[in-house]
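Have a look at my_file-v2.cif; it's mmCIF, N, CA and C atoms, pLDDT in the B column; chains and numbers go by the auth columns:
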```
data_entry
loop_
_atom_site.group_PDB
_atom_site.id
_atom_site.type_symbol
_atom_site.label_atom_id
_atom_site.label_comp_id
_atom_site.label_asym_id
_atom_site.label_seq_id
_atom_site.Cartn_x
_atom_site.Cartn_y
_atom_site.Cartn_z
_atom_site.B_iso_or_equiv
_atom_site.auth_seq_id
_atom_site.auth_asym_id
ATOM 1 N N MET A 1 0.838 -1.165 0.000 72.00 16 A
ATOM 2 C CA MET A 1 0.000 0.000 0.000 72.00 16 A
ATOM 3 C C MET A 1 0.894 1.242 0.000 72.00 16 A
ATOM 4 N N PRO A 2 0.696 2.140 -0.956 84.00 17 A
ATOM 5 C CA PRO A 2 1.544 3.331 -1.041 84.00 17 A
ATOM 6 C C PRO A 2 1.251 4.298 0.099 84.00 17 A
ATOM 7 N N LEU A 3 2.278 5.087 0.400 83.00 18 A
ATOM 8 C CA LEU A 3 2.183 6.087 1.460 83.00 18 A
ATOM 9 C C LEU A 3 1.844 7.438 0.831 83.00 18 A
ATOM 10 N N PRO A 4 0.745 8.072 1.247 87.00 19 A
ATOM 11 C CA PRO A 4 0.399 9.369 0.665 87.00 19 A
ATOM 12 C C PRO A 4 1.398 10.453 1.099 87.00 19 A
ATOM 13 N N PHE A 5 1.698 11.362 0.188 84.00 20 A
ATOM 14 C CA PHE A 5 2.712 12.385 0.475 84.00 20 A
ATOM 15 C C PHE A 5 2.247 13.359 1.550 84.00 20 A
ATOM 16 N N GLU A 6 0.929 13.467 1.778 88.00 21 A
ATOM 17 C CA GLU A 6 0.425 14.388 2.794 88.00 21 A
ATOM 18 C C GLU A 6 0.877 13.991 4.195 88.00 21 A
ATOM 19 N N THR A 7 1.160 12.716 4.397 88.00 22 A
ATOM 20 C CA THR A 7 1.603 12.285 5.724 88.00 22 A
ATOM 21 C C THR A 7 3.044 12.702 5.998 88.00 22 A
ATOM 22 N N LEU A 8 3.827 12.929 4.965 90.00 23 A
ATOM 23 C CA LEU A 8 5.223 13.301 5.141 90.00 23 A
ATOM 24 C C LEU A 8 5.452 14.810 5.156 90.00 23 A
ATOM 25 N N LEU A 9 4.436 15.594 4.826 93.00 24 A
ATOM 26 C CA LEU A 9 4.587 17.043 4.797 93.00 24 A
ATOM 27 C C LEU A 9 4.964 17.634 6.169 93.00 24 A
ATOM 28 N N PRO A 10 4.353 17.236 7.282 94.00 25 A
ATOM 29 C CA PRO A 10 4.789 17.813 8.570 94.00 25 A
ATOM 30 C C PRO A 10 6.251 17.504 8.888 94.00 25 A
ATOM 31 N N TYR A 11 6.715 16.300 8.549 94.00 26 A
ATOM 32 C CA TYR A 11 8.115 15.958 8.801 94.00 26 A
ATOM 33 C C TYR A 11 9.051 16.770 7.907 94.00 26 A
ATOM 34 N N ALA A 12 8.664 16.996 6.681 94.00 27 A
ATOM 35 C CA ALA A 12 9.471 17.817 5.777 94.00 27 A
ATOM 36 C C ALA A 12 9.539 19.260 6.279 94.00 27 A
ATOM 37 N N ILE A 13 8.416 19.762 6.762 96.00 28 A
ATOM 38 C CA ILE A 13 8.399 21.125 7.295 96.00 28 A
ATOM 39 C C ILE A 13 9.296 21.228 8.522 96.00 28 A
ATOM 40 N N MET A 14 9.243 20.223 9.410 97.00 29 A
ATOM 41 C CA MET A 14 10.087 20.251 10.607 97.00 29 A
ATOM 42 C C MET A 14 11.568 20.200 10.246 97.00 29 A
ATOM 43 N N VAL A 15 11.931 19.348 9.284 97.00 30 A
ATOM 44 C CA VAL A 15 13.333 19.246 8.875 97.00 30 A
ATOM 45 C C VAL A 15 13.817 20.565 8.278 97.00 30 A
ATOM 46 N N VAL A 16 13.002 21.188 7.455 98.00 31 A
ATOM 47 C CA VAL A 16 13.371 22.465 6.843 98.00 31 A
ATOM 48 C C VAL A 16 13.505 23.552 7.909 98.00 31 A
ATOM 49 N N MET A 17 12.599 23.578 8.873 98.00 32 A
ATOM 50 C CA MET A 17 12.665 24.609 9.909 98.00 32 A
ATOM 51 C C MET A 17 13.877 24.411 10.823 98.00 32 A
ATOM 52 N N PHE A 18 14.205 23.153 11.178 98.00 33 A
ATOM 53 C CA PHE A 18 15.411 22.920 11.964 98.00 33 A
ATOM 54 C C PHE A 18 16.660 23.339 11.185 98.00 33 A
ATOM 55 N N GLY A 19 16.711 23.067 9.901 98.00 34 A
ATOM 56 C CA GLY A 19 17.845 23.470 9.080 98.00 34 A
ATOM 57 C C GLY A 19 17.954 24.981 8.971 98.00 34 A
ATOM 58 N N ALA A 20 16.822 25.657 8.798 98.00 35 A
ATOM 59 C CA ALA A 20 16.842 27.120 8.694 98.00 35 A
ATOM 60 C C ALA A 20 17.271 27.750 10.020 98.00 35 A
ATOM 61 N N THR A 21 16.788 27.189 11.127 98.00 36 A
ATOM 62 C CA THR A 21 17.163 27.723 12.431 98.00 36 A
ATOM 63 C C THR A 21 18.646 27.525 12.703 98.00 36 A
ATOM 64 N N GLY A 22 19.167 26.334 12.409 96.00 37 A
ATOM 65 C CA GLY A 22 20.588 26.070 12.623 96.00 37 A
ATOM 66 C C GLY A 22 21.473 26.952 11.763 96.00 37 A
ATOM 67 N N THR A 23 21.092 27.137 10.524 96.00 38 A
ATOM 68 C CA THR A 23 21.859 28.002 9.635 96.00 38 A
ATOM 69 C C THR A 23 21.799 29.451 10.095 96.00 38 A
ATOM 70 N N GLY A 24 20.623 29.890 10.533 96.00 39 A
ATOM 71 C CA GLY A 24 20.483 31.264 11.022 96.00 39 A
ATOM 72 C C GLY A 24 21.312 31.510 12.274 96.00 39 A
ATOM 73 N N LEU A 25 21.295 30.562 13.215 94.00 40 A
ATOM 74 C CA LEU A 25 22.096 30.719 14.427 94.00 40 A
ATOM 75 C C LEU A 25 23.585 30.728 14.118 94.00 40 A
ATOM 76 N N ALA A 26 24.017 29.860 13.218 92.00 41 A
ATOM 77 C CA ALA A 26 25.431 29.843 12.839 92.00 41 A
ATOM 78 C C ALA A 26 25.834 31.157 12.176 92.00 41 A
ATOM 79 N N ALA A 27 24.958 31.708 11.343 93.00 42 A
ATOM 80 C CA ALA A 27 25.259 32.978 10.685 93.00 42 A
ATOM 81 C C ALA A 27 25.336 34.121 11.698 93.00 42 A
ATOM 82 N N ILE A 28 24.438 34.132 12.674 93.00 43 A
ATOM 83 C CA ILE A 28 24.444 35.196 13.682 93.00 43 A
ATOM 84 C C ILE A 28 25.690 35.107 14.543 93.00 43 A
ATOM 85 N N ARG A 29 26.073 33.890 14.948 90.00 44 A
ATOM 86 C CA ARG A 29 27.286 33.745 15.759 90.00 44 A
ATOM 87 C C ARG A 29 28.532 34.151 14.984 90.00 44 A
ATOM 88 N N THR A 30 28.583 33.813 13.714 90.00 45 A
ATOM 89 C CA THR A 30 29.718 34.227 12.893 90.00 45 A
ATOM 90 C C THR A 30 29.736 35.738 12.734 90.00 45 A
ATOM 91 N N TRP A 31 28.589 36.351 12.547 90.00 46 A
ATOM 92 C CA TRP A 31 28.507 37.801 12.407 90.00 46 A
ATOM 93 C C TRP A 31 28.935 38.495 13.697 90.00 46 A
ATOM 94 N N GLN A 32 28.540 37.947 14.861 86.00 47 A
ATOM 95 C CA GLN A 32 28.911 38.543 16.139 86.00 47 A
ATOM 96 C C GLN A 32 30.402 38.426 16.412 86.00 47 A
ATOM 97 N N ASN A 33 31.070 37.427 15.847 84.00 48 A
ATOM 98 C CA ASN A 33 32.489 37.205 16.084 84.00 48 A
ATOM 99 C C ASN A 33 33.357 37.759 14.956 84.00 48 A
ATOM 100 N N ASP A 34 32.860 38.749 14.239 83.00 49 A
ATOM 101 C CA ASP A 34 33.613 39.394 13.150 83.00 49 A
ATOM 102 C C ASP A 34 34.052 38.407 12.083 83.00 49 A
ATOM 103 N N GLY A 35 33.190 37.472 11.734 87.00 50 A
ATOM 104 C CA GLY A 35 33.476 36.517 10.669 87.00 50 A
ATOM 105 C C GLY A 35 34.351 35.350 11.084 87.00 50 A
ATOM 106 N N LYS A 36 34.631 35.230 12.377 85.00 51 A
ATOM 107 C CA LYS A 36 35.453 34.128 12.862 85.00 51 A
ATOM 108 C C LYS A 36 34.568 33.096 13.549 85.00 51 A
ATOM 109 N N ARG A 37 35.099 31.895 13.694 85.00 52 A
ATOM 110 C CA ARG A 37 34.344 30.839 14.354 85.00 52 A
ATOM 111 C C ARG A 37 34.212 31.152 15.843 85.00 52 A
ATOM 112 N N PRO A 38 33.116 30.713 16.489 82.00 53 A
ATOM 113 C CA PRO A 38 32.964 30.987 17.923 82.00 53 A
ATOM 114 C C PRO A 38 34.023 30.251 18.747 82.00 53 A
ATOM 115 N N ARG A 39 34.345 30.825 19.900 84.00 54 A
ATOM 116 C CA ARG A 39 35.351 30.237 20.784 84.00 54 A
ATOM 117 C C ARG A 39 34.656 29.492 21.916 84.00 54 A
ATOM 118 N N TYR A 40 35.198 28.332 22.243 86.00 55 A
ATOM 119 C CA TYR A 40 34.666 27.514 23.325 86.00 55 A
ATOM 120 C C TYR A 40 35.783 27.236 24.318 86.00 55 A
ATOM 121 N N SER A 41 35.418 26.910 25.546 90.00 56 A
ATOM 122 C CA SER A 41 36.358 26.551 26.612 90.00 56 A
ATOM 123 C C SER A 41 37.424 27.631 26.793 90.00 56 A
ATOM 124 N N LEU A 42 36.989 28.841 27.046 89.00 57 A
ATOM 125 C CA LEU A 42 37.913 29.949 27.239 89.00 57 A
ATOM 126 C C LEU A 42 38.563 29.851 28.618 89.00 57 A
ATOM 127 N N ASP A 43 39.873 29.956 28.665 91.00 58 A
ATOM 128 C CA ASP A 43 40.560 29.999 29.948 91.00 58 A
ATOM 129 C C ASP A 43 40.881 31.455 30.292 91.00 58 A
ATOM 130 N N GLN A 44 41.587 31.649 31.384 90.00 59 A
ATOM 131 C CA GLN A 44 41.873 33.006 31.860 90.00 59 A
ATOM 132 C C GLN A 44 42.704 33.793 30.843 90.00 59 A
ATOM 133 N N TRP A 45 43.654 33.126 30.186 89.00 60 A
ATOM 134 C CA TRP A 45 44.499 33.800 29.203 89.00 60 A
ATOM 135 C C TRP A 45 43.670 34.291 28.020 89.00 60 A
ATOM 136 N N ASP A 46 42.774 33.437 27.520 88.00 61 A
ATOM 137 C CA ASP A 46 41.937 33.842 26.392 88.00 61 A
ATOM 138 C C ASP A 46 41.051 35.025 26.761 88.00 61 A
ATOM 139 N N LYS A 47 40.467 34.985 27.951 89.00 62 A
ATOM 140 C CA LYS A 47 39.612 36.092 28.381 89.00 62 A
ATOM 141 C C LYS A 47 40.413 37.376 28.519 89.00 62 A
ATOM 142 N N GLN A 48 41.638 37.255 29.034 86.00 63 A
ATOM 143 C CA GLN A 48 42.489 38.437 29.194 86.00 63 A
ATOM 144 C C GLN A 48 42.859 39.018 27.829 86.00 63 A
ATOM 145 N N MET A 49 43.181 38.173 26.876 85.00 64 A
ATOM 146 C CA MET A 49 43.550 38.653 25.545 85.00 64 A
ATOM 147 C C MET A 49 42.347 39.230 24.804 85.00 64 A
ATOM 148 N N MET A 50 41.169 38.635 24.993 86.00 65 A
ATOM 149 C CA MET A 50 39.969 39.183 24.359 86.00 65 A
ATOM 150 C C MET A 50 39.620 40.545 24.954 86.00 65 A
ATOM 151 N N GLU A 51 39.832 40.708 26.263 84.00 66 A
ATOM 152 C CA GLU A 51 39.576 42.002 26.891 84.00 66 A
ATOM 153 C C GLU A 51 40.589 43.037 26.389 84.00 66 A
ATOM 154 N N ARG A 52 41.829 42.625 26.214 82.00 67 A
ATOM 155 C CA ARG A 52 42.858 43.509 25.669 82.00 67 A
ATOM 156 C C ARG A 52 42.520 43.914 24.233 82.00 67 A
ATOM 157 N N ASP A 53 42.125 42.941 23.414 83.00 68 A
ATOM 158 C CA ASP A 53 41.752 43.246 22.036 83.00 68 A
ATOM 159 C C ASP A 53 40.547 44.173 21.982 83.00 68 A
ATOM 160 N N ASN A 54 39.620 43.986 22.928 84.00 69 A
ATOM 161 C CA ASN A 54 38.449 44.866 22.967 84.00 69 A
ATOM 162 C C ASN A 54 38.863 46.293 23.297 84.00 69 A
ATOM 163 N N ARG A 55 39.826 46.464 24.196 80.00 70 A
ATOM 164 C CA ARG A 55 40.295 47.815 24.519 80.00 70 A
ATOM 165 C C ARG A 55 41.093 48.411 23.362 80.00 70 A
ATOM 166 N N LEU A 56 41.830 47.583 22.622 81.00 71 A
ATOM 167 C CA LEU A 56 42.632 48.103 21.513 81.00 71 A
ATOM 168 C C LEU A 56 41.796 48.471 20.298 81.00 71 A
ATOM 169 N N THR A 57 40.851 47.608 19.925 82.00 72 A
ATOM 170 C CA THR A 57 40.140 47.794 18.667 82.00 72 A
ATOM 171 C C THR A 57 38.664 48.116 18.831 82.00 72 A
ATOM 172 N N GLY A 58 38.088 47.880 20.019 81.00 73 A
ATOM 173 C CA GLY A 58 36.662 48.097 20.197 81.00 73 A
ATOM 174 C C GLY A 58 35.836 46.864 19.906 81.00 73 A
ATOM 175 N N ARG A 59 36.471 45.768 19.545 83.00 74 A
ATOM 176 C CA ARG A 59 35.790 44.503 19.277 83.00 74 A
ATOM 177 C C ARG A 59 36.527 43.385 20.014 83.00 74 A
ATOM 178 N N PRO A 60 35.815 42.451 20.650 81.00 75 A
ATOM 179 C CA PRO A 60 36.502 41.406 21.419 81.00 75 A
ATOM 180 C C PRO A 60 37.367 40.486 20.558 81.00 75 A
ATOM 181 N N ARG A 61 37.021 40.314 19.299 82.00 76 A
ATOM 182 C CA ARG A 61 37.795 39.424 18.442 82.00 76 A
ATOM 183 C C ARG A 61 38.675 40.178 17.452 82.00 76 A
ATOM 184 N N GLY A 62 38.688 41.503 17.538 81.00 77 A
ATOM 185 C CA GLY A 62 39.473 42.300 16.613 81.00 77 A
ATOM 186 C C GLY A 62 40.938 42.322 16.993 81.00 77 A
ATOM 187 N N GLN A 63 41.786 42.408 16.002 82.00 78 A
ATOM 188 C CA GLN A 63 43.217 42.506 16.233 82.00 78 A
ATOM 189 C C GLN A 63 43.766 43.643 15.387 82.00 78 A
ATOM 190 N N THR A 64 44.879 44.174 15.828 79.00 79 A
ATOM 191 C CA THR A 64 45.480 45.298 15.115 79.00 79 A
ATOM 192 C C THR A 64 46.958 45.033 14.885 79.00 79 A
ATOM 193 N N ASP A 65 47.504 45.645 13.854 81.00 80 A
ATOM 194 C CA ASP A 65 48.929 45.488 13.561 81.00 80 A
ATOM 195 C C ASP A 65 49.686 46.807 13.729 81.00 80 A
ATOM 196 N N LYS A 66 49.053 47.778 14.363 79.00 81 A
ATOM 197 C CA LYS A 66 49.707 49.067 14.570 79.00 81 A
ATOM 198 C C LYS A 66 50.772 48.936 15.663 79.00 81 A
ATOM 199 N N PRO A 67 51.959 49.475 15.438 77.00 82 A
ATOM 200 C CA PRO A 67 53.009 49.343 16.453 77.00 82 A
ATOM 201 C C PRO A 67 52.792 50.239 17.660 77.00 82 A
ATOM 202 N N ASP A 68 52.036 51.324 17.506 78.00 83 A
ATOM 203 C CA ASP A 68 51.801 52.248 18.612 78.00 83 A
ATOM 204 C C ASP A 68 50.418 52.010 19.201 78.00 83 A
ATOM 205 N N ALA A 69 50.354 52.029 20.521 74.00 84 A
ATOM 206 C CA ALA A 69 49.070 51.855 21.200 74.00 84 A
ATOM 207 C C ALA A 69 48.236 53.119 21.043 74.00 84 A
ATOM 208 N N PRO A 70 46.913 52.990 20.966 73.00 85 A
ATOM 209 C CA PRO A 70 46.075 54.183 20.845 73.00 85 A
ATOM 210 C C PRO A 70 46.053 54.975 22.147 73.00 85 A
ATOM 211 N N PHE A 71 45.538 56.198 22.070 74.00 86 A
ATOM 212 C CA PHE A 71 45.442 57.061 23.233 74.00 86 A
ATOM 213 C C PHE A 71 44.562 56.397 24.290 74.00 86 A
ATOM 214 N N GLY A 72 44.974 56.464 25.537 67.00 87 A
ATOM 215 C CA GLY A 72 44.221 55.841 26.611 67.00 87 A
ATOM 216 C C GLY A 72 44.650 54.417 26.898 67.00 87 A
ATOM 217 N N PHE A 73 45.663 53.928 26.215 70.00 88 A
ATOM 218 C CA PHE A 73 46.143 52.564 26.418 70.00 88 A
ATOM 219 C C PHE A 73 47.588 52.609 26.910 70.00 88 A
ATOM 220 N N GLU A 74 47.872 53.551 27.790 66.00 89 A
ATOM 221 C CA GLU A 74 49.248 53.728 28.261 66.00 89 A
ATOM 222 C C GLU A 74 49.666 52.637 29.236 66.00 89 A
ATOM 223 N N TYR A 75 48.692 52.044 29.905 64.00 90 A
ATOM 224 C CA TYR A 75 48.999 51.030 30.910 64.00 90 A
ATOM 225 C C TYR A 75 48.523 49.676 30.426 64.00 90 A
ATOM 226 N N SER A 76 49.119 48.611 30.929 59.00 91 A
ATOM 227 C CA SER A 76 48.793 47.280 30.447 59.00 91 A
ATOM 228 C C SER A 76 47.525 46.720 31.081 59.00 91 A
ATOM 229 N N ASN A 77 47.014 47.351 32.132 61.00 92 A
ATOM 230 C CA ASN A 77 45.783 46.848 32.728 61.00 92 A
ATOM 231 C C ASN A 77 44.614 47.741 32.327 61.00 92 A
ATOM 232 N N GLY A 78 43.422 47.230 32.523 55.00 93 A
ATOM 233 C CA GLY A 78 42.240 47.968 32.114 55.00 93 A
ATOM 234 C C GLY A 78 41.645 48.854 33.174 55.00 93 A
ATOM 235 N N TRP A 79 42.274 48.927 34.338 61.00 94 A
ATOM 236 C CA TRP A 79 41.723 49.732 35.415 61.00 94 A
ATOM 237 C C TRP A 79 41.967 51.215 35.148 61.00 94 A
ATOM 238 N N LYS A 80 40.981 51.993 35.426 61.00 95 A
ATOM 239 C CA LYS A 80 41.120 53.438 35.301 61.00 95 A
ATOM 240 C C LYS A 80 41.813 53.964 36.551 61.00 95 A
ATOM 241 N N LEU A 81 42.766 54.831 36.357 61.00 96 A
ATOM 242 C CA LEU A 81 43.459 55.415 37.495 61.00 96 A
ATOM 243 C C LEU A 81 42.683 56.619 37.988 61.00 96 A
ATOM 244 N N GLU A 82 42.501 56.684 39.300 61.00 97 A
ATOM 245 C CA GLU A 82 41.769 57.821 39.851 61.00 97 A
ATOM 246 C C GLU A 82 42.712 58.985 40.100 61.00 97 A
ATOM 247 N N LYS A 83 42.149 60.151 40.106 64.00 98 A
ATOM 248 C CA LYS A 83 42.931 61.353 40.381 64.00 98 A
ATOM 249 C C LYS A 83 43.277 61.388 41.867 64.00 98 A
ATOM 250 N N ARG A 84 44.490 61.756 42.166 62.00 99 A
ATOM 251 C CA ARG A 84 44.942 61.831 43.546 62.00 99 A
ATOM 252 C C ARG A 84 44.519 63.164 44.164 62.00 99 A
ATOM 253 N N TYR A 85 44.175 63.107 45.447 67.00 100 A
ATOM 254 C CA TYR A 85 43.823 64.327 46.177 67.00 100 A
ATOM 255 C C TYR A 85 45.092 64.950 46.727 67.00 100 A
ATOM 256 N N ASN A 86 45.234 66.229 46.547 63.00 101 A
ATOM 257 C CA ASN A 86 46.413 66.936 47.050 63.00 101 A
ATOM 258 C C ASN A 86 46.057 67.772 48.243 63.00 101 A
#
```
Can I see the file as structure tokens?
Amino acid sequence: MPLPFETLLPYAIMVVMFGATGTGLAAIRTWQNDGKRPRYSLDQWDKQMMERDNRLTGRPRGQTDKPDAPFGFEYSNGWKLEKRYN
């Protein structure tokens, strides 16, 4: 006995929607990471370097090849120095 195609339509719709959702999520994650693959299992060093890159370029995954640091990056840490009271 043949199987009518109407019985397979809900399964086809579900497969297409799962594929569209997965592709959309992958595209959004790639777009958020400046076209790079997402990072997993970040350790302290990776977080420190991503924070440094964010201060240098304004993007957590951005990198720069300029030999001089931009204005406001005189110190190696991200803490703002407070003004001293005299």
What does the distance between atom C of Ala42 in chain A and CA of Lys81 in chain A come to in Å, to one decimal place?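 Result for atom C of Ala42 in chain A versus CA of Lys81 in chain A: 28.7 Å, one decimal.
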Can you tell me which residues surround Glu66 in chain A at a distance of at most 12 Å, considering only C-alpha atoms, apart from same-chain residues fewer than 2 positions away, and format the answer as an mmCIF file with N, CA and C atoms, in the frame of the given file?
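See out30.cif below for the written result:
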```cif
data_model
loop_
_atom_site.group_PDB
_atom_site.id
_atom_site.type_symbol
_atom_site.label_atom_id
_atom_site.label_comp_id
_atom_site.auth_asym_id
_atom_site.auth_seq_id
_atom_site.Cartn_x
_atom_site.Cartn_y
_atom_site.Cartn_z
ATOM 1 N N GLN A 59 41.587 31.649 31.384
ATOM 2 C CA GLN A 59 41.873 33.006 31.860
ATOM 3 C C GLN A 59 42.704 33.793 30.843
ATOM 4 N N TRP A 60 43.654 33.126 30.186
ATOM 5 C CA TRP A 60 44.499 33.800 29.203
ATOM 6 C C TRP A 60 43.670 34.291 28.020
ATOM 7 N N ASP A 61 42.774 33.437 27.520
ATOM 8 C CA ASP A 61 41.937 33.842 26.392
ATOM 9 C C ASP A 61 41.051 35.025 26.761
ATOM 10 N N LYS A 62 40.467 34.985 27.951
ATOM 11 C CA LYS A 62 39.612 36.092 28.381
ATOM 12 C C LYS A 62 40.413 37.376 28.519
ATOM 13 N N GLN A 63 41.638 37.255 29.034
ATOM 14 C CA GLN A 63 42.489 38.437 29.194
ATOM 15 C C GLN A 63 42.859 39.018 27.829
ATOM 16 N N MET A 64 43.181 38.173 26.876
ATOM 17 C CA MET A 64 43.550 38.653 25.545
ATOM 18 C C MET A 64 42.347 39.230 24.804
ATOM 19 N N ASP A 68 42.125 42.941 23.414
ATOM 20 C CA ASP A 68 41.752 43.246 22.036
ATOM 21 C C ASP A 68 40.547 44.173 21.982
ATOM 22 N N ASN A 69 39.620 43.986 22.928
ATOM 23 C CA ASN A 69 38.449 44.866 22.967
ATOM 24 C C ASN A 69 38.863 46.293 23.297
ATOM 25 N N ARG A 70 39.826 46.464 24.196
ATOM 26 C CA ARG A 70 40.295 47.815 24.519
ATOM 27 C C ARG A 70 41.093 48.411 23.362
ATOM 28 N N LEU A 71 41.830 47.583 22.622
ATOM 29 C CA LEU A 71 42.632 48.103 21.513
ATOM 30 C C LEU A 71 41.796 48.471 20.298
ATOM 31 N N THR A 72 40.851 47.608 19.925
ATOM 32 C CA THR A 72 40.140 47.794 18.667
ATOM 33 C C THR A 72 38.664 48.116 18.831
ATOM 34 N N GLY A 73 38.088 47.880 20.019
ATOM 35 C CA GLY A 73 36.662 48.097 20.197
ATOM 36 C C GLY A 73 35.836 46.864 19.906
ATOM 37 N N ARG A 74 36.471 45.768 19.545
ATOM 38 C CA ARG A 74 35.790 44.503 19.277
ATOM 39 C C ARG A 74 36.527 43.385 20.014
ATOM 40 N N PRO A 75 35.815 42.451 20.650
ATOM 41 C CA PRO A 75 36.502 41.406 21.419
ATOM 42 C C PRO A 75 37.367 40.486 20.558
ATOM 43 N N ARG A 76 37.021 40.314 19.299
ATOM 44 C CA ARG A 76 37.795 39.424 18.442
ATOM 45 C C ARG A 76 38.675 40.178 17.452
ATOM 46 N N GLY A 77 38.688 41.503 17.538
ATOM 47 C CA GLY A 77 39.473 42.300 16.613
ATOM 48 C C GLY A 77 40.938 42.322 16.993
ATOM 49 N N GLN A 78 41.786 42.408 16.002
ATOM 50 C CA GLN A 78 43.217 42.506 16.233
ATOM 51 C C GLN A 78 43.766 43.643 15.387
ATOM 52 N N SER A 91 49.119 48.611 30.929
ATOM 53 C CA SER A 91 48.793 47.280 30.447
ATOM 54 C C SER A 91 47.525 46.720 31.081
ATOM 55 N N ASN A 92 47.014 47.351 32.132
ATOM 56 C CA ASN A 92 45.783 46.848 32.728
ATOM 57 C C ASN A 92 44.614 47.741 32.327
ATOM 58 N N GLY A 93 43.422 47.230 32.523
ATOM 59 C CA GLY A 93 42.240 47.968 32.114
ATOM 60 C C GLY A 93 41.645 48.854 33.174
ATOM 61 N N TRP A 94 42.274 48.927 34.338
ATOM 62 C CA TRP A 94 41.723 49.732 35.415
ATOM 63 C C TRP A 94 41.967 51.215 35.148
#
```
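Atom pair CA of Gly34 in chain A / atom C of Asp49 in chain A: separated by 22.2 Å.
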Could you go through chain A and tell me which residues DSSP, when run on the backbone, assigns to helix (DSSP H, G or I), listing them as an MDAnalysis selection string? chainID A and resid 20:22 24:47 59:72
Atom C of Pro53 in chain A to CA of Ala41 in chain A: how many Å, to one decimal? 10.4 Å
